[in-house]
>>> print(open('data-v1.cif').read())   # mmCIF, C-alpha atoms
data_final
loop_
_atom_site.label_atom_id
_atom_site.label_comp_id
_atom_site.auth_asym_id
_atom_site.auth_seq_id
_atom_site.Cartn_x
_atom_site.Cartn_y
_atom_site.Cartn_z
CA MET A 1 125.31 -101.94 -62.93
CA ARG A 2 128.76 -102.82 -61.58
CA MET A 3 131.10 -99.86 -61.21
CA LYS A 4 134.84 -100.24 -61.59
CA ARG A 5 137.14 -99.08 -58.79
CA ASN A 6 139.20 -96.02 -59.75
CA VAL A 7 142.76 -96.28 -58.41
CA ARG A 8 144.36 -93.52 -60.46
CA ALA A 9 144.74 -89.83 -59.80
CA LYS A 10 143.71 -87.24 -62.34
CA ASN A 11 147.22 -87.07 -63.80
CA GLY A 12 147.24 -90.81 -64.40
CA LYS A 13 149.79 -91.81 -61.65
CA PRO A 14 148.77 -94.64 -59.36
CA VAL A 15 147.65 -93.44 -55.95
CA VAL A 16 149.60 -96.21 -54.22
CA VAL A 17 152.87 -94.92 -55.73
CA MET A 18 152.15 -91.44 -54.41
CA LEU A 19 151.49 -92.79 -50.91
CA VAL A 20 154.75 -94.77 -50.88
CA THR A 21 156.65 -91.71 -52.04
CA LEU A 22 155.10 -89.60 -49.29
CA PHE A 23 155.98 -92.23 -46.64
CA LEU A 24 159.61 -92.39 -47.75
CA ALA A 25 159.82 -88.62 -47.53
CA ILE A 26 158.57 -88.34 -43.96
CA ALA A 27 160.02 -91.61 -42.56
CA PRO A 28 163.28 -89.98 -41.34
CA LEU A 29 161.19 -87.71 -39.10
CA PHE A 30 160.10 -90.69 -37.01
CA VAL A 31 162.99 -91.78 -34.77
CA LEU A 32 162.38 -94.77 -32.56
CA PRO A 33 163.79 -94.48 -29.04
CA THR A 34 166.88 -96.55 -28.36
CA CYS A 35 166.47 -99.40 -25.91
CA ALA A 36 167.95 -98.80 -22.49
CA ALA A 37 170.68 -101.13 -21.32
CA SER A 38 169.24 -104.08 -19.46
CA THR A 39 169.08 -104.40 -15.69
CA ILE A 40 171.45 -107.04 -14.31
CA ILE A 41 171.30 -108.67 -10.88
CA SER A 42 174.72 -110.01 -9.95
CA ILE A 43 176.63 -111.55 -7.06
CA ASP A 44 180.41 -111.39 -6.72
CA ASP A 45 182.56 -114.47 -6.23
CA ALA A 46 183.58 -115.19 -2.63
CA PHE A 47 186.87 -116.68 -1.40
CA MET A 48 187.43 -118.11 2.08
CA GLU A 49 189.36 -120.72 3.99
CA ALA A 50 187.59 -123.72 5.55
CA GLY A 51 185.82 -122.59 8.70
CA GLU A 52 186.28 -118.91 7.89
CA ASN A 53 183.89 -116.21 6.67
CA ALA A 54 183.79 -114.10 3.53
CA VAL A 55 181.50 -111.25 2.47
CA THR A 56 180.12 -110.72 -1.00
CA GLN A 57 177.29 -108.54 -2.28
CA ILE A 58 174.25 -108.77 -4.51
CA MET A 59 173.82 -105.77 -6.80
CA ILE A 60 170.91 -104.66 -9.00
CA ASN A 61 172.71 -102.71 -11.70
CA ASN A 62 171.37 -100.16 -14.18
CA VAL A 63 167.84 -99.98 -12.84
CA SER A 64 165.26 -97.19 -12.84
CA HIS A 65 162.28 -96.48 -10.56
CA LEU A 66 162.86 -99.67 -8.57
CA GLY A 67 160.33 -100.21 -5.81
CA VAL A 68 160.24 -103.92 -4.96
CA ALA A 69 162.79 -106.73 -5.21
CA ASP A 70 162.27 -110.36 -4.19
CA ILE A 71 165.30 -112.56 -4.87
CA THR A 72 166.27 -116.12 -3.93
CA LEU A 73 169.92 -117.16 -3.67
CA THR A 74 170.66 -120.90 -3.76
CA PHE A 75 173.93 -122.57 -2.74
CA ASN A 76 175.38 -125.94 -1.80
CA PRO A 77 174.86 -126.26 1.98
CA SER A 78 177.61 -128.88 2.26
CA VAL A 79 180.13 -126.29 1.09
CA VAL A 80 178.94 -122.94 2.49
CA HIS A 81 176.33 -121.54 4.86
CA ILE A 82 174.84 -118.05 4.94
CA VAL A 83 175.64 -116.25 8.20
CA SER A 84 173.80 -113.00 7.47
CA ALA A 85 172.38 -110.75 4.76
CA ASN A 86 172.10 -107.02 5.53
CA ASN A 87 173.24 -103.45 4.69
CA SER A 88 170.71 -103.04 1.88
CA ASP A 89 169.99 -99.81 -0.01
CA PHE A 90 166.26 -100.48 0.36
CA ASP A 91 164.21 -98.76 3.07
CA TRP A 92 162.89 -102.14 4.19
CA PHE A 93 164.82 -105.40 3.80
CA TRP A 94 164.16 -108.87 5.16
CA PRO A 95 166.14 -112.10 4.56
CA VAL A 96 164.91 -115.64 5.25
CA ILE A 97 167.91 -117.95 5.57
CA ASN A 98 167.54 -121.72 5.29
CA ASN A 99 170.96 -123.36 5.47
CA SER A 100 169.44 -126.84 5.50
CA ALA A 101 167.83 -126.30 2.11
CA GLY A 102 170.64 -124.11 0.77
CA THR A 103 168.52 -121.02 0.13
CA VAL A 104 168.17 -117.46 1.30
CA ARG A 105 165.18 -115.42 0.14
CA MET A 106 165.60 -111.65 0.31
CA GLY A 107 162.92 -109.00 -0.05
CA GLY A 108 163.38 -105.26 -0.28
CA MET A 109 161.00 -102.29 -0.62
CA ASP A 110 161.59 -98.59 -1.28
CA PHE A 111 159.07 -96.25 0.35
CA GLY A 112 159.94 -93.23 -1.78
CA ASP A 113 159.93 -92.47 -5.50
CA GLY A 114 162.02 -95.50 -6.45
CA LEU A 115 165.71 -96.33 -6.63
CA TYR A 116 167.94 -95.56 -9.61
CA GLY A 117 171.35 -96.65 -10.83
CA ASN A 118 173.35 -99.42 -9.17
CA ILE A 119 171.53 -100.62 -6.05
CA LYS A 120 172.89 -102.93 -3.36
CA LEU A 121 170.29 -105.51 -2.42
CA ALA A 122 172.45 -106.96 0.35
CA GLU A 123 175.86 -107.79 1.70
CA VAL A 124 175.95 -111.55 2.21
CA LYS A 125 178.30 -113.16 4.73
CA LEU A 126 179.18 -116.79 4.01
CA ASN A 127 180.96 -119.41 6.11
CA GLY A 128 183.03 -122.19 4.58
CA VAL A 129 181.68 -125.43 6.05
CA GLY A 130 183.24 -127.70 3.41
CA GLU A 131 186.78 -128.81 2.72
CA HIS A 132 189.63 -126.89 1.15
CA GLY A 133 189.29 -126.82 -2.63
CA GLU A 134 185.52 -127.26 -2.71
CA LYS A 135 183.26 -124.68 -4.34
CA SER A 136 179.58 -123.88 -4.62
CA ALA A 137 177.58 -122.05 -7.25
CA LEU A 138 175.79 -118.94 -6.01
CA LYS A 139 172.67 -118.90 -8.15
CA ILE A 140 170.21 -116.00 -8.28
CA SER A 141 166.50 -116.45 -9.07
CA ILE A 142 164.21 -113.45 -9.55
CA ASN A 143 160.84 -113.87 -7.85
CA GLU A 144 159.74 -110.26 -8.31
CA LEU A 145 161.29 -107.03 -9.56
CA LYS A 146 158.87 -104.12 -9.92
CA GLU A 147 158.74 -100.36 -10.25
CA ALA A 148 157.69 -98.06 -7.43
CA GLY A 149 154.21 -96.54 -7.48
CA PRO A 150 150.57 -97.59 -7.18
CA VAL A 151 150.80 -99.58 -10.42
CA GLU A 152 153.61 -102.09 -9.98
CA ILE A 153 155.18 -102.66 -13.39
CA SER A 154 157.58 -105.57 -13.74
CA ILE A 155 161.20 -104.71 -14.57
CA PRO A 156 162.90 -107.16 -16.96
CA ALA A 157 166.34 -108.25 -15.79
CA THR A 158 169.03 -110.84 -16.33
CA VAL A 159 171.25 -112.49 -13.71
CA ASP A 160 175.01 -112.90 -13.35
CA ASN A 161 175.69 -115.74 -10.93
CA GLY A 162 178.79 -116.18 -8.80
CA THR A 163 180.83 -118.90 -7.10
CA ALA A 164 181.96 -119.44 -3.51
CA PHE A 165 185.44 -120.98 -3.24
CA ILE A 166 186.94 -122.58 -0.15
CA ASN A 167 190.29 -121.47 -1.46
CA LEU A 168 192.19 -118.19 -1.52
CA PRO A 169 193.66 -116.86 -4.76
CA PRO A 170 197.43 -116.70 -5.14
CA VAL A 171 199.24 -113.37 -4.85
CA ALA A 172 201.20 -112.34 -7.94
CA LEU A 173 204.37 -110.33 -7.29
CA ALA A 174 206.55 -109.38 -10.22
CA ARG A 175 209.74 -107.36 -10.55
CA SER A 176 212.04 -106.22 -13.30
CA MET A 177 215.72 -106.86 -12.64
CA HIS A 178 216.85 -103.32 -13.48
CA ARG A 179 215.29 -99.99 -14.35
CA TYR A 180 215.64 -99.68 -18.12
CA ASN A 181 215.66 -103.26 -19.30
CA ASN A 182 212.20 -103.01 -20.80
CA VAL A 183 212.95 -99.91 -22.88
CA GLY A 184 214.69 -101.29 -25.94
CA SER A 185 216.15 -97.99 -27.12
CA LYS A 186 218.40 -97.65 -24.06
CA TYR A 187 220.44 -100.69 -24.99
CA PRO A 188 219.42 -103.98 -26.66
CA SER A 189 219.88 -106.27 -23.66
CA ASN A 190 217.74 -109.03 -22.29
CA ALA A 191 214.93 -107.83 -20.07
CA THR A 192 214.77 -110.18 -17.09
CA PHE A 193 211.59 -110.57 -15.04
CA ASN A 194 211.20 -112.45 -11.77
CA ALA A 195 208.04 -113.80 -10.10
CA SER A 196 209.70 -115.79 -7.32
CA ALA A 197 208.13 -113.59 -4.62
CA SER A 198 204.62 -114.72 -5.63
CA TYR A 199 202.88 -116.94 -3.10
CA ASP A 200 199.62 -118.66 -2.22
CA PRO A 201 198.11 -117.68 1.16
CA ASP A 202 196.71 -121.16 1.89
CA ASN A 203 199.87 -122.93 0.68
CA ASP A 204 198.60 -124.32 -2.61
CA ASP A 205 201.24 -124.77 -5.28
CA ILE A 206 201.46 -122.15 -8.03
CA THR A 207 201.34 -124.15 -11.23
CA ASN A 208 201.56 -121.48 -13.93
CA TYR A 209 203.50 -118.24 -14.34
CA ASN A 210 202.49 -116.44 -17.55
CA TRP A 211 203.93 -113.13 -18.74
CA SER A 212 202.67 -110.56 -21.24
CA PHE A 213 205.49 -108.17 -22.17
CA GLY A 214 203.33 -105.34 -23.50
CA ASP A 215 204.71 -105.42 -27.04
CA GLY A 216 202.64 -108.32 -28.34
CA TYR A 217 204.97 -111.04 -27.07
CA SER A 218 204.58 -113.37 -24.08
CA GLY A 219 206.54 -115.85 -22.00
CA GLU A 220 206.26 -118.20 -19.04
CA GLY A 221 208.18 -119.35 -16.00
CA ILE A 222 209.13 -118.06 -12.56
CA THR A 223 211.87 -116.06 -14.29
CA THR A 224 211.91 -115.13 -17.94
CA GLU A 225 213.87 -113.01 -20.40
CA HIS A 226 212.76 -110.87 -23.31
CA ILE A 227 214.44 -108.51 -25.79
CA TYR A 228 212.37 -105.49 -26.84
CA LEU A 229 212.73 -104.63 -30.53
CA THR A 230 210.57 -101.50 -30.29
CA TRP A 231 210.21 -98.63 -27.86
CA LYS A 232 207.58 -96.18 -26.65
CA TRP A 233 208.25 -92.48 -27.06
CA ASN A 234 206.19 -89.79 -25.33
CA TRP A 235 206.20 -86.69 -27.54
CA THR A 236 204.75 -84.55 -24.74
CA THR A 237 207.53 -85.22 -22.25
CA ASN A 238 210.21 -86.05 -24.87
CA SER A 239 211.10 -89.21 -23.00
CA TYR A 240 210.89 -92.96 -23.26
CA GLU A 241 208.14 -94.85 -21.46
CA PRO A 242 208.41 -98.41 -20.18
CA PHE A 243 206.14 -101.15 -21.42
CA ASN A 244 203.53 -102.45 -18.99
CA VAL A 245 204.38 -106.06 -18.21
CA ILE A 246 201.62 -108.31 -16.82
CA LEU A 247 202.26 -111.39 -14.70
CA MET A 248 199.45 -113.94 -14.25
CA VAL A 249 199.85 -116.77 -11.73
CA GLU A 250 197.52 -119.74 -11.21
CA ASP A 251 197.28 -122.15 -8.30
CA THR A 252 196.30 -125.83 -8.21
CA GLY A 253 192.67 -124.86 -7.61
CA GLY A 254 192.55 -122.86 -10.85
CA LEU A 255 192.41 -119.47 -9.11
CA ILE A 256 194.27 -116.65 -10.84
CA SER A 257 195.95 -113.43 -9.76
CA THR A 258 197.70 -110.75 -11.82
CA ALA A 259 200.29 -108.06 -11.26
CA ILE A 260 201.48 -105.20 -13.49
CA ILE A 261 204.93 -103.64 -13.53
#
>>> encode(input="data-v1.cif", output="structure tokens")
Amino acid sequence: MRMKRNVRAKNGKPVVVMLVTLFLAIAPLFVLPTCAASTIISIDDAFMEAGENAVTQIMINNVSHLGVADITLTFNPSVVHIVSANNSDFDWFWPVINNSAGTVRMGGMDFGDGLYGNIKLAEVKLNGVGEHGEKSALKISINELKEAGPVEISIPATVDNGTAFINLPPVALARSMHRYNNVGSKYPSNATFNASASYDPDNDDITNYNWSFGDGYSGEGITTEHIYLTWKWNWTTNSYEPFNVILMVEDTGGLISTAII
């Protein structure tokens, strides 16, 4: 004889409804751990003149229990060469430089309980073998990144690549023509700003002078004027505060520098 399946409790309520109700009641007690911020391997941009050297660094940021790193850096060998890679935070570090192929492979090991935080894999010295204005990508590839300990667990990471420029950035120098001209409550005069002292160390032309006046307005030019219609009052010191004015200059190679007054 076939027996029917009983899915009801004695009081007539479906068992499945009771189970769902119980789950909803206890669900807030189970809190999933938040994901840690990801590990990032990065290399800073490098700026140099033709035939000169520049130093940048490769960092492994926001890492925990790091034991082994094996990284390859690729570059354009017609633009830059690697002179050296050293000064690592690892106990053991070894670079293999191949300027013909445009690669340097770097390995590091920690002999202790692992490295934590922001770790310097290496300082990398480059030499500009190309012509002024040329640039090369500095591209990082991760061969191996593992935790310390007898069981080497891979550490997931992303990369932030850099660029080597055979060009030096311009130098932004800005000045205000008199002390109170960017505090509108003193008197409603034109605020005059001057960037004529800005220069480029390798004699490129500066093509753009852009100003941000700190009150939501902007301007451009080697010299510029602006009238402030608002002011900043510091209730702690009972005094007016000047606006922070930002100058951004750009050279013919697209390199940018800023100054704040």
>>> closest_residue(input="data-v1.cif", among="A:Gly130, A:Gly221, A:Gly162, A:Gly216", to="Met59 (chain A)", atoms="only C-alpha atoms")
A:Gly162
>>> closest_residue(input="data-v1.cif", among="A:Leu115, A:Ile82, A:Ile153, A:Ala164", to="Ile43 (chain A)", atoms="all atoms listed in the file")
A:Ala164
>>> closest_residue(input="data-v1.cif", among="A:Ile256, A:Ile58, A:Val159, A:Ala195", to="Ser38 (chain A)", atoms="all atoms listed in the file")
A:Val159
>>> residues_around(input="data-v1.cif", residues="region 74-78 of chain A", least_positions_apart="4", cutoff="12 Å", atoms="only C-alpha atoms", output="PyMOL selection string")
chain A and resi 43+50+82-83+96-106+126-131+134-142+161-166
>>> write_last_selection(input="data-v1.cif", atoms="C-alpha atoms", output="PDB file, in the coordinates of the input")
ATOM      1  CA  ILE A  43     176.630-111.550  -7.060  1.00  0.00           C
ATOM      2  CA  ALA A  50     187.590-123.720   5.550  1.00  0.00           C
ATOM      3  CA  ILE A  82     174.840-118.050   4.940  1.00  0.00           C
ATOM      4  CA  VAL A  83     175.640-116.250   8.200  1.00  0.00           C
ATOM      5  CA  VAL A  96     164.910-115.640   5.250  1.00  0.00           C
ATOM      6  CA  ILE A  97     167.910-117.950   5.570  1.00  0.00           C
ATOM      7  CA  ASN A  98     167.540-121.720   5.290  1.00  0.00           C
ATOM      8  CA  ASN A  99     170.960-123.360   5.470  1.00  0.00           C
ATOM      9  CA  SER A 100     169.440-126.840   5.500  1.00  0.00           C
ATOM     10  CA  ALA A 101     167.830-126.300   2.110  1.00  0.00           C
ATOM     11  CA  GLY A 102     170.640-124.110   0.770  1.00  0.00           C
ATOM     12  CA  THR A 103     168.520-121.020   0.130  1.00  0.00           C
ATOM     13  CA  VAL A 104     168.170-117.460   1.300  1.00  0.00           C
ATOM     14  CA  ARG A 105     165.180-115.420   0.140  1.00  0.00           C
ATOM     15  CA  MET A 106     165.600-111.650   0.310  1.00  0.00           C
ATOM     16  CA  LEU A 126     179.180-116.790   4.010  1.00  0.00           C
ATOM     17  CA  ASN A 127     180.960-119.410   6.110  1.00  0.00           C
ATOM     18  CA  GLY A 128     183.030-122.190   4.580  1.00  0.00           C
ATOM     19  CA  VAL A 129     181.680-125.430   6.050  1.00  0.00           C
ATOM     20  CA  GLY A 130     183.240-127.700   3.410  1.00  0.00           C
ATOM     21  CA  GLU A 131     186.780-128.810   2.720  1.00  0.00           C
ATOM     22  CA  GLU A 134     185.520-127.260  -2.710  1.00  0.00           C
ATOM     23  CA  LYS A 135     183.260-124.680  -4.340  1.00  0.00           C
ATOM     24  CA  SER A 136     179.580-123.880  -4.620  1.00  0.00           C
ATOM     25  CA  ALA A 137     177.580-122.050  -7.250  1.00  0.00           C
ATOM     26  CA  LEU A 138     175.790-118.940  -6.010  1.00  0.00           C
ATOM     27  CA  LYS A 139     172.670-118.900  -8.150  1.00  0.00           C
ATOM     28  CA  ILE A 140     170.210-116.000  -8.280  1.00  0.00           C
ATOM     29  CA  SER A 141     166.500-116.450  -9.070  1.00  0.00           C
ATOM     30  CA  ILE A 142     164.210-113.450  -9.550  1.00  0.00           C
ATOM     31  CA  ASN A 161     175.690-115.740 -10.930  1.00  0.00           C
ATOM     32  CA  GLY A 162     178.790-116.180  -8.800  1.00  0.00           C
ATOM     33  CA  THR A 163     180.830-118.900  -7.100  1.00  0.00           C
ATOM     34  CA  ALA A 164     181.960-119.440  -3.510  1.00  0.00           C
ATOM     35  CA  PHE A 165     185.440-120.980  -3.240  1.00  0.00           C
ATOM     36  CA  ILE A 166     186.940-122.580  -0.150  1.00  0.00           C
TER      37      ILE A 166
END
>>> residues_near_point(input="data-v1.cif", point="(164.9, -98.5, -11.0)", cutoff="7 Å", atoms="only C-alpha atoms", output="list in words")
Val63, Ser64, His65, Leu66, Gly114, Leu115, Tyr116, Gly117 and Glu147 of chain A
>>> resolve_selection(input="data-v1.cif", expression="the PyMOL selection byres ((chain A and resi 209) around 6)", output="ChimeraX atom specification")
/A:208,210,220-222,248-249
>>> resolve_selection(input="data-v1.cif", expression="the PyMOL selection byres ((chain A and resi 258) around 10)", output="MDAnalysis selection string")
chainID A and resid 170:174 209:211 246:250 256:257 259:260
>>> resolve_selection(input="data-v1.cif", expression="the PyMOL selection byres ((chain A and resi 112) around 9)", output="list in words")
Gly67, Asp91, Asp110, Phe111, Asp113, Gly114, Leu115, Ala148 and Gly149 of chain A
>>> write_last_selection(input="data-v1.cif", atoms="C-alpha atoms", output="PDB file, in the frame of the given file")
ATOM      1  CA  GLY A  67     160.330-100.210  -5.810  1.00  0.00           C
ATOM      2  CA  ASP A  91     164.210 -98.760   3.070  1.00  0.00           C
ATOM      3  CA  ASP A 110     161.590 -98.590  -1.280  1.00  0.00           C
ATOM      4  CA  PHE A 111     159.070 -96.250   0.350  1.00  0.00           C
ATOM      5  CA  ASP A 113     159.930 -92.470  -5.500  1.00  0.00           C
ATOM      6  CA  GLY A 114     162.020 -95.500  -6.450  1.00  0.00           C
ATOM      7  CA  LEU A 115     165.710 -96.330  -6.630  1.00  0.00           C
ATOM      8  CA  ALA A 148     157.690 -98.060  -7.430  1.00  0.00           C
ATOM      9  CA  GLY A 149     154.210 -96.540  -7.480  1.00  0.00           C
TER      10      GLY A 149
END
>>> atom_distance(input="data-v1.cif", atom1="CA of Ile155 (chain A)", atom2="CA of Thr72 (chain A)")
16.4 Å
>>> closest_residue(input="data-v1.cif", among="A:Thr192, A:Thr237, A:Asn167, A:Thr224", to="Asp204 (chain A)", atoms="only C-alpha atoms")
A:Asn167
>>> closest_residue(input="data-v1.cif", among="A:Gly51, A:Ala85, A:Gly108, A:Trp235", to="Asp70 (chain A)", atoms="only C-alpha atoms")
A:Gly108
>>> atom_distance(input="data-v1.cif", atom1="CA of Glu52 (chain A)", atom2="CA of Ile206 (chain A)")
22.2 Å
>>> closest_residue(input="data-v1.cif", among="A:Val245, A:Ala157, A:Leu229, A:Leu168", to="Asn190 (chain A)", atoms="only C-alpha atoms")
A:Leu229
>>> atom_distance(input="data-v1.cif", atom1="CA of Phe243 (chain A)", atom2="CA of Trp231 (chain A)")
8.0 Å
>>> axis_aligned_box(input="data-v1.cif", around="region 115-129 of chain A", padding_each_side="5 Å", output="AutoDock Vina command-line options")
--center_x 174.4 --center_y -110.5 --center_z -2.4 --size_x 27.3 --size_y 39.9 --size_z 26.9
